[in-house]
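Next comes structure.cif, with mmCIF, C-alpha atoms, pLDDT in the B column; chains and numbers go by the auth columns.
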```cif
data_input
loop_
_atom_site.group_PDB
_atom_site.id
_atom_site.type_symbol
_atom_site.label_atom_id
_atom_site.label_comp_id
_atom_site.label_asym_id
_atom_site.label_seq_id
_atom_site.Cartn_x
_atom_site.Cartn_y
_atom_site.Cartn_z
_atom_site.B_iso_or_equiv
_atom_site.auth_seq_id
_atom_site.auth_asym_id
ATOM 1 C CA MET A 1 9.019 -1.084 19.833 33.00 1 A
ATOM 2 C CA GLY A 2 8.238 2.320 21.350 37.00 2 A
ATOM 3 C CA GLY A 3 6.923 3.629 18.055 38.00 3 A
ATOM 4 C CA LEU A 4 4.405 0.798 17.787 38.00 4 A
ATOM 5 C CA ARG A 5 2.938 1.736 21.149 34.00 5 A
ATOM 6 C CA ARG A 6 1.880 5.058 19.698 36.00 6 A
ATOM 7 C CA HIS A 7 -0.701 3.162 17.637 35.00 7 A
ATOM 8 C CA ARG A 8 0.097 4.915 14.415 36.00 8 A
ATOM 9 C CA ARG A 9 -1.906 3.773 11.503 40.00 9 A
ATOM 10 C CA LEU A 10 -1.105 2.967 7.919 41.00 10 A
ATOM 11 C CA ALA A 11 -3.266 3.537 4.926 43.00 11 A
ATOM 12 C CA ARG A 12 -3.020 2.733 1.294 42.00 12 A
ATOM 13 C CA ARG A 13 -4.711 4.391 -1.615 42.00 13 A
ATOM 14 C CA THR A 14 -6.693 2.338 -4.040 44.00 14 A
ATOM 15 C CA ALA A 15 -8.735 3.318 -7.041 46.00 15 A
ATOM 16 C CA HIS A 16 -10.946 0.245 -7.276 51.00 16 A
ATOM 17 C CA GLY A 17 -14.031 -1.082 -5.500 62.00 17 A
ATOM 18 C CA PRO A 18 -14.631 -4.681 -4.404 70.00 18 A
ATOM 19 C CA PRO A 19 -12.307 -7.305 -5.871 80.00 19 A
ATOM 20 C CA GLY A 20 -13.300 -8.777 -9.212 83.00 20 A
ATOM 21 C CA ARG A 21 -13.892 -12.463 -9.817 87.00 21 A
ATOM 22 C CA ARG A 22 -10.248 -13.318 -10.638 88.00 22 A
ATOM 23 C CA ALA A 23 -8.890 -11.324 -7.689 88.00 23 A
ATOM 24 C CA ALA A 24 -11.427 -12.903 -5.326 89.00 24 A
ATOM 25 C CA ALA A 25 -10.513 -16.384 -6.575 92.00 25 A
ATOM 26 C CA THR A 26 -6.802 -15.728 -6.033 92.00 26 A
ATOM 27 C CA LEU A 27 -7.446 -14.411 -2.526 91.00 27 A
ATOM 28 C CA SER A 28 -9.618 -17.425 -1.680 93.00 28 A
ATOM 29 C CA GLU A 29 -7.000 -19.869 -3.028 93.00 29 A
ATOM 30 C CA ALA A 30 -4.407 -18.229 -0.781 93.00 30 A
ATOM 31 C CA GLY A 31 -6.622 -18.534 2.301 94.00 31 A
ATOM 32 C CA TYR A 32 -7.923 -14.959 2.431 91.00 32 A
ATOM 33 C CA ASP A 33 -11.591 -14.030 2.700 91.00 33 A
ATOM 34 C CA PRO A 34 -12.177 -11.714 -0.278 89.00 34 A
ATOM 35 C CA SER A 35 -15.365 -10.360 1.280 86.00 35 A
ATOM 36 C CA ARG A 36 -13.196 -8.664 3.905 86.00 36 A
ATOM 37 C CA HIS A 37 -11.387 -6.589 1.261 81.00 37 A
ATOM 38 C CA ARG A 38 -12.440 -2.954 1.492 74.00 38 A
ATOM 39 C CA ALA A 39 -11.154 -0.429 -0.995 76.00 39 A
ATOM 40 C CA ARG A 40 -11.387 3.201 -0.001 80.00 40 A
ATOM 41 C CA THR A 41 -11.090 6.368 -2.007 85.00 41 A
ATOM 42 C CA PHE A 42 -8.147 8.551 -1.053 90.00 42 A
ATOM 43 C CA SER A 43 -9.001 11.702 0.846 92.00 43 A
ATOM 44 C CA THR A 44 -6.805 14.611 1.904 94.00 44 A
ATOM 45 C CA ASP A 45 -8.074 13.892 5.430 95.00 45 A
ATOM 46 C CA TRP A 46 -5.743 10.901 5.391 94.00 46 A
ATOM 47 C CA TYR A 47 -2.785 13.242 5.866 95.00 47 A
ATOM 48 C CA ALA A 48 -4.078 14.147 9.341 94.00 48 A
ATOM 49 C CA GLU A 49 -5.315 10.630 10.122 93.00 49 A
ATOM 50 C CA HIS A 50 -2.253 8.595 9.082 92.00 50 A
ATOM 51 C CA ASP A 51 1.495 8.876 9.357 90.00 51 A
ATOM 52 C CA LEU A 52 2.374 6.799 6.314 92.00 52 A
ATOM 53 C CA LEU A 53 0.486 6.726 3.017 95.00 53 A
ATOM 54 C CA LEU A 54 1.445 4.021 0.533 95.00 54 A
ATOM 55 C CA ALA A 55 1.048 4.464 -3.206 95.00 55 A
ATOM 56 C CA MET A 56 0.969 1.403 -5.443 94.00 56 A
ATOM 57 C CA ASP A 57 2.118 3.152 -8.616 94.00 57 A
ATOM 58 C CA ALA A 58 3.605 6.422 -9.822 95.00 58 A
ATOM 59 C CA SER A 59 0.242 7.797 -10.889 94.00 59 A
ATOM 60 C CA ASN A 60 -1.203 7.231 -7.404 93.00 60 A
ATOM 61 C CA HIS A 61 1.908 8.779 -5.866 96.00 61 A
ATOM 62 C CA ALA A 62 1.617 11.883 -8.037 96.00 62 A
ATOM 63 C CA ASP A 63 -2.102 12.264 -7.295 95.00 63 A
ATOM 64 C CA MET A 64 -1.540 11.876 -3.559 95.00 64 A
ATOM 65 C CA THR A 65 1.370 14.295 -3.325 96.00 65 A
ATOM 66 C CA GLN A 66 -0.430 16.897 -5.458 96.00 66 A
ATOM 67 C CA GLN A 67 -3.278 16.830 -2.941 96.00 67 A
ATOM 68 C CA SER A 68 -0.993 17.213 0.066 96.00 68 A
ATOM 69 C CA PRO A 69 -2.104 20.062 2.345 95.00 69 A
ATOM 70 C CA THR A 70 1.542 21.108 2.856 96.00 70 A
ATOM 71 C CA VAL A 71 4.873 20.471 1.166 96.00 71 A
ATOM 72 C CA GLU A 72 6.133 18.837 4.366 95.00 72 A
ATOM 73 C CA GLN A 73 3.271 16.329 4.368 95.00 73 A
ATOM 74 C CA THR A 74 4.245 14.996 0.946 96.00 74 A
ATOM 75 C CA GLN A 75 6.923 13.065 2.840 94.00 75 A
ATOM 76 C CA GLN A 76 4.155 10.906 4.298 94.00 76 A
ATOM 77 C CA VAL A 77 3.629 9.399 0.834 96.00 77 A
ATOM 78 C CA ARG A 78 5.912 6.516 -0.075 95.00 78 A
ATOM 79 C CA MET A 79 5.868 3.896 -2.766 96.00 79 A
ATOM 80 C CA PHE A 80 4.638 0.552 -1.400 96.00 80 A
ATOM 81 C CA ARG A 81 7.346 -1.386 -3.250 97.00 81 A
ATOM 82 C CA GLU A 82 10.003 0.788 -1.682 95.00 82 A
ATOM 83 C CA PHE A 83 9.771 -1.885 1.022 96.00 83 A
ATOM 84 C CA ASP A 84 9.871 -4.889 -1.363 97.00 84 A
ATOM 85 C CA PRO A 85 13.107 -6.834 -0.778 96.00 85 A
ATOM 86 C CA GLU A 86 12.948 -8.104 -4.378 96.00 86 A
ATOM 87 C CA ALA A 87 12.343 -4.745 -6.069 95.00 87 A
ATOM 88 C CA THR A 88 15.098 -3.427 -8.266 92.00 88 A
ATOM 89 C CA GLU A 89 15.921 0.190 -9.013 89.00 89 A
ATOM 90 C CA GLY A 90 13.257 1.614 -11.283 89.00 90 A
ATOM 91 C CA ASP A 91 10.909 -1.279 -10.495 93.00 91 A
ATOM 92 C CA ASN A 92 8.843 0.286 -7.743 94.00 92 A
ATOM 93 C CA GLU A 93 5.264 -0.103 -8.965 96.00 93 A
ATOM 94 C CA VAL A 94 2.724 -2.801 -8.221 94.00 94 A
ATOM 95 C CA PRO A 95 1.496 -3.876 -11.645 92.00 95 A
ATOM 96 C CA ASP A 96 -2.224 -3.945 -12.335 89.00 96 A
ATOM 97 C CA PRO A 97 -3.015 -7.660 -12.698 90.00 97 A
ATOM 98 C CA TYR A 98 -6.292 -6.991 -14.497 84.00 98 A
ATOM 99 C CA TYR A 99 -4.345 -6.327 -17.688 80.00 99 A
ATOM 100 C CA GLY A 100 -1.691 -9.008 -17.337 75.00 100 A
ATOM 101 C CA SER A 101 -1.340 -12.759 -17.697 72.00 101 A
ATOM 102 C CA GLY A 102 -3.385 -15.383 -15.915 73.00 102 A
ATOM 103 C CA ASP A 103 -0.735 -15.615 -13.194 89.00 103 A
ATOM 104 C CA GLY A 104 -0.753 -11.855 -12.656 92.00 104 A
ATOM 105 C CA PHE A 105 -3.008 -11.992 -9.609 93.00 105 A
ATOM 106 C CA ARG A 106 -0.879 -14.644 -7.900 94.00 106 A
ATOM 107 C CA GLU A 107 2.303 -12.695 -8.731 94.00 107 A
ATOM 108 C CA VAL A 108 0.875 -9.456 -7.344 94.00 108 A
ATOM 109 C CA LEU A 109 -0.393 -11.209 -4.214 94.00 109 A
ATOM 110 C CA ALA A 110 3.082 -12.680 -3.601 96.00 110 A
ATOM 111 C CA MET A 111 4.585 -9.218 -4.141 96.00 111 A
ATOM 112 C CA ILE A 112 2.146 -7.669 -1.658 95.00 112 A
ATOM 113 C CA GLU A 113 2.705 -10.383 0.943 95.00 113 A
ATOM 114 C CA ARG A 114 6.513 -10.163 0.910 96.00 114 A
ATOM 115 C CA THR A 115 6.455 -6.359 0.828 96.00 115 A
ATOM 116 C CA THR A 116 4.000 -6.240 3.722 95.00 116 A
ATOM 117 C CA ASP A 117 6.215 -8.591 5.731 96.00 117 A
ATOM 118 C CA GLU A 118 9.193 -6.276 5.187 96.00 118 A
ATOM 119 C CA LEU A 119 7.131 -3.182 5.928 94.00 119 A
ATOM 120 C CA VAL A 120 5.918 -4.625 9.232 94.00 120 A
ATOM 121 C CA ALA A 121 9.499 -5.535 10.171 95.00 121 A
ATOM 122 C CA ARG A 122 10.591 -1.950 9.481 93.00 122 A
ATOM 123 C CA LEU A 123 7.685 -0.210 11.245 89.00 123 A
ATOM 124 C CA PRO A 124 9.501 0.437 14.519 88.00 124 A
ATOM 125 C CA ASP A 125 12.234 2.350 12.663 88.00 125 A
ATOM 126 C CA LEU A 126 9.737 4.195 10.471 83.00 126 A
ATOM 127 C CA MET A 127 7.626 5.277 13.398 78.00 127 A
ATOM 128 C CA ASP A 128 10.504 6.632 15.417 71.00 128 A
ATOM 129 C CA ARG A 129 11.070 9.312 12.759 63.00 129 A
#
```
Please, can you express the file's structure as structure tokens?
Amino acid sequence: MGGLRRHRRLARRTAHGPPGRRAAATLSEAGYDPSRHRARTFSTDWYAEHDLLLAMDASNHADMTQQSPTVEQTQQVRMFREFDPEATEGDNEVPDPYYGSGDGFREVLAMIERTTDELVARLPDLMDR
């Protein structure tokens, strides 16, 4: 747990503002307070402020790595679903539920919850690097 004591922070990039009605309803149904959701616009400052930057899809990943101050810092950017125990090879993006079926928000929330659980379990190893 030594790495956790260093209080390193995680950040994720998002391209959207407050959750929409369907997202807020899904969060509420699952016991989350949607008013606490805060999307932030990615900034190159994040490379200095965070050790791990998580991209939700390939487009985000490409944008983030292209803005990296150095080639070495591109290694800070990882795909979020890289940590998903149910992801298969080539299936490393979080789908945008706004364009999917009615269950899309619940499916994405389940994906995010299980991936976050795995990510938290792996943090000590990640932070010792």
**Proximity to A:Pro19 - best of A:Ala39, A:Val77, A:Leu126, A:Ala110, only C-alpha atoms** =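 Comparing A:Ala39, A:Val77, A:Leu126, A:Ala110 against A:Pro19, the winner is A:Ala39.
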**Item:** Counting only C-alpha atoms, the residue of A:Pro85, A:Gly90, A:Pro95, A:Pro69 that sits nearest A:Ala48
**Value:**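 Nearest to A:Ala48: A:Pro69.
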**Which of A:Thr65, A:Asn60, A:Thr70, A:Thr116 sits closest to A:Glu82 [using all atoms listed in the file]** = A:Thr116
Could you write out as a PDB file with C-alpha atoms, in the frame of the given file the residues that the PyMOL selection byres ((chain A and resi 35) around 9) matches in the shown file?
```
ATOM      1  CA  PRO A  18     -14.631  -4.681  -4.404  1.00 70.00           C
ATOM      2  CA  PRO A  19     -12.307  -7.305  -5.871  1.00 80.00           C
ATOM      3  CA  ALA A  24     -11.427 -12.903  -5.326  1.00 89.00           C
ATOM      4  CA  TYR A  32      -7.923 -14.959   2.431  1.00 91.00           C
ATOM      5  CA  ASP A  33     -11.591 -14.030   2.700  1.00 91.00           C
ATOM      6  CA  PRO A  34     -12.177 -11.714  -0.278  1.00 89.00           C
ATOM      7  CA  ARG A  36     -13.196  -8.664   3.905  1.00 86.00           C
ATOM      8  CA  HIS A  37     -11.387  -6.589   1.261  1.00 81.00           C
ATOM      9  CA  ARG A  38     -12.440  -2.954   1.492  1.00 74.00           C
TER      10      ARG A  38
END
```
**Asked** Quick one: residues within 12 Å of A:Ser59, only C-alpha atoms counted, chain neighbours fewer than 3 positions away excluded, as a ChimeraX atom specification?
**Response** /A:13-15,55-56,62-66,79,92-95
**Asked** Hey, can you check how far atom CA of A:Thr115 sits from atom CA of A:Arg81?
**Response**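 Atom CA of A:Thr115 sits 6.5 Å away from atom CA of A:Arg81.
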**Message:** Can you measure atom CA of A:Met111 to atom CA of A:Asp128 for me? One decimal in Å is fine.
**Reply:** 25.9 Å
